[in-house]
Structure formats: C-alpha cells, structure tokens
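**Student:** I have a structure here, written as structure tokens, and I will follow up with some questions on it.
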Amino acid sequence: MQLAVLQKDMIAAMKAKDKPRKEAISSLVSAVKKAGIDAGCREDIPESMVDQVILKEQKTAKEQVDTCPADRTDLKAEYQFRYEVISEYAPKLMSQEEVKAFLKEKFAEILATKNKGMIMKNVMPELKGKADGKVISQVVAEFCK
C-alpha cells in the first residue's frame, strides 16, 4: 500500500463528507507519517513500512473492539467501523497452511534441527508483514514436536 493512495482516499472521504471514514483513514496517514519520520525517511516511505503500520493499527483497532464494554454499543460500533476501514487497506496475510508450505519449502534443513528459537530467528525476517506472528509461532511449534 502506498501512502499516496491513503491520502487520495482520505481526500475523497472529505469531499463526500464521510467524517468517520475520513477520521479512520486520517489516523492511518498520521501513523504512517510518524513511522516514516521515526525511521528517517520522511519523504520516501517504503510500501513495506506502510503495510507494517497498517497491520499494527489494525491490531490496535481489533483490541479496542474486543475490550470495549458491552453496554457501550455506540463506542463499540465506532471502533468496529474503524477496524473495518483499516482492514480494507491491510495487506492479505498468509494462512496457517501457506505458512506451513513456505517453511517446508524454504527452511527444511533448519526445521530438521527442531530448535524453535533458531527456526524463529531465521523465519521471522522472511515472513515479517506477510503472516501473523502467532500463526508462525504455532506452525513452528508443530514442527518442533
């Protein structure tokens, strides 16, 4: 995902006077710009960084939905809408089966060691932003049994 696409969609939401959508996209744009500044690439933010920020914001929004009190339906609906908007921009993550196939194909010799720490150390840089860390950990745990 490119930052320019997010900004264009935010402007479109402004023109359509869709305030909740504009706010959700605006928070994504702000988070991406902040991450770019922190990483020292203010002008030219790479797509991989944008995707990582979107995934982080999606996870935060999901936690807000999950921890919202049941009696606050108005707040829960707001959080749910924000989560859905962010999910539209989130990159597609690999499923558990796809992670298994990827590990068997690329890391067969490391999987043979059954050393979970060493496997995770080698696998995580390859799958960062492509698969959820929990899914990767579960798959590696299965291989180490």
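Chains: A, B, ... in order of the structure tokens. Residues: from 1 per chain. Ligands: from 1, in order shown.
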Excluding A:Asp132 and residues on its chain fewer than 2 positions from it, collect all residues at most 10 Å away from it, counting only C-alpha atoms, and give them as a list in words.

**Tutor:**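 Everything that qualifies: Leu55, Leu93, Met94, Ser95, Gln96, Val99, Met124, Leu127, Lys128, Gly129, Lys130, Lys134, Val135, Ile136 and Ser137 of chain A.
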
**Student:** If we count only C-alpha atoms and set the cut-off at 12 Å, which residues sit around stretch 10-16 of chain A, ignoring sequence neighbours fewer than 3 positions away in its own chain? Please answer as an MDAnalysis selection string.

**Tutor:** chainID A and resid 3:7 19:30 85

**Student:** Just C-alpha atoms for this one: save the residues we selected as a PDB file, in the first residue's frame.

**Tutor:**
```
ATOM      1  CA  LEU A   3       0.889   6.486   1.309  1.00  0.00           C
ATOM      2  CA  ALA A   4      -0.402   8.434  -1.710  1.00  0.00           C
ATOM      3  CA  VAL A   5      -3.333   6.002  -2.052  1.00  0.00           C
ATOM      4  CA  LEU A   6      -4.270   6.549   1.596  1.00  0.00           C
ATOM      5  CA  GLN A   7      -4.066  10.318   1.182  1.00  0.00           C
ATOM      6  CA  LYS A  19     -16.409  12.103   8.656  1.00  0.00           C
ATOM      7  CA  PRO A  20     -15.989   8.668  10.355  1.00  0.00           C
ATOM      8  CA  ARG A  21     -14.221   7.207   7.312  1.00  0.00           C
ATOM      9  CA  LYS A  22     -12.053  10.315   6.929  1.00  0.00           C
ATOM     10  CA  GLU A  23     -11.020  10.108  10.589  1.00  0.00           C
ATOM     11  CA  ALA A  24     -10.136   6.416  10.308  1.00  0.00           C
ATOM     12  CA  ILE A  25      -8.013   6.961   7.192  1.00  0.00           C
ATOM     13  CA  SER A  26      -6.518  10.131   8.673  1.00  0.00           C
ATOM     14  CA  SER A  27      -5.314   8.187  11.709  1.00  0.00           C
ATOM     15  CA  LEU A  28      -3.625   5.698   9.356  1.00  0.00           C
ATOM     16  CA  VAL A  29      -1.932   8.502   7.401  1.00  0.00           C
ATOM     17  CA  SER A  30      -0.708  10.091  10.646  1.00  0.00           C
ATOM     18  CA  VAL A  85     -11.945   0.704   7.261  1.00  0.00           C
TER      19      VAL A  85
END
```

**Student:** Could you pull out the helix (DSSP H, G or I) residues of chain A, going by DSSP on the backbone, and write them as an MDAnalysis selection string?

**Tutor:** chainID A and resid 3:15 19:39 47:67 73:89 96:106 108:111 116:127 133:143

**Student:** Using only C-alpha atoms, which protein or nucleic acid residues come within 8 Å of A:Val123? Drop anything in the same chain fewer than 4 positions from it, and give the result as a list in words.

**Tutor:** Leu103, Phe107, Ile119 and Leu127 of chain A

**Student:** For A:Gln52, please output as a PyMOL selection string all residues within 12 Å (counting only C-alpha atoms; exclusion window: fewer than 2 positions along the same chain).

**Tutor:** chain A and resi 1-2+28+31-32+35-36+45-50+54-59+89-93+127-132

**Student:** Of the residues A:Gln80, A:Gln138, A:Asn122, A:Asn115, which is the one nearest to A:Cys68, using only C-alpha atoms?

**Tutor:**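 Smallest distance to A:Cys68 is found for A:Gln80.
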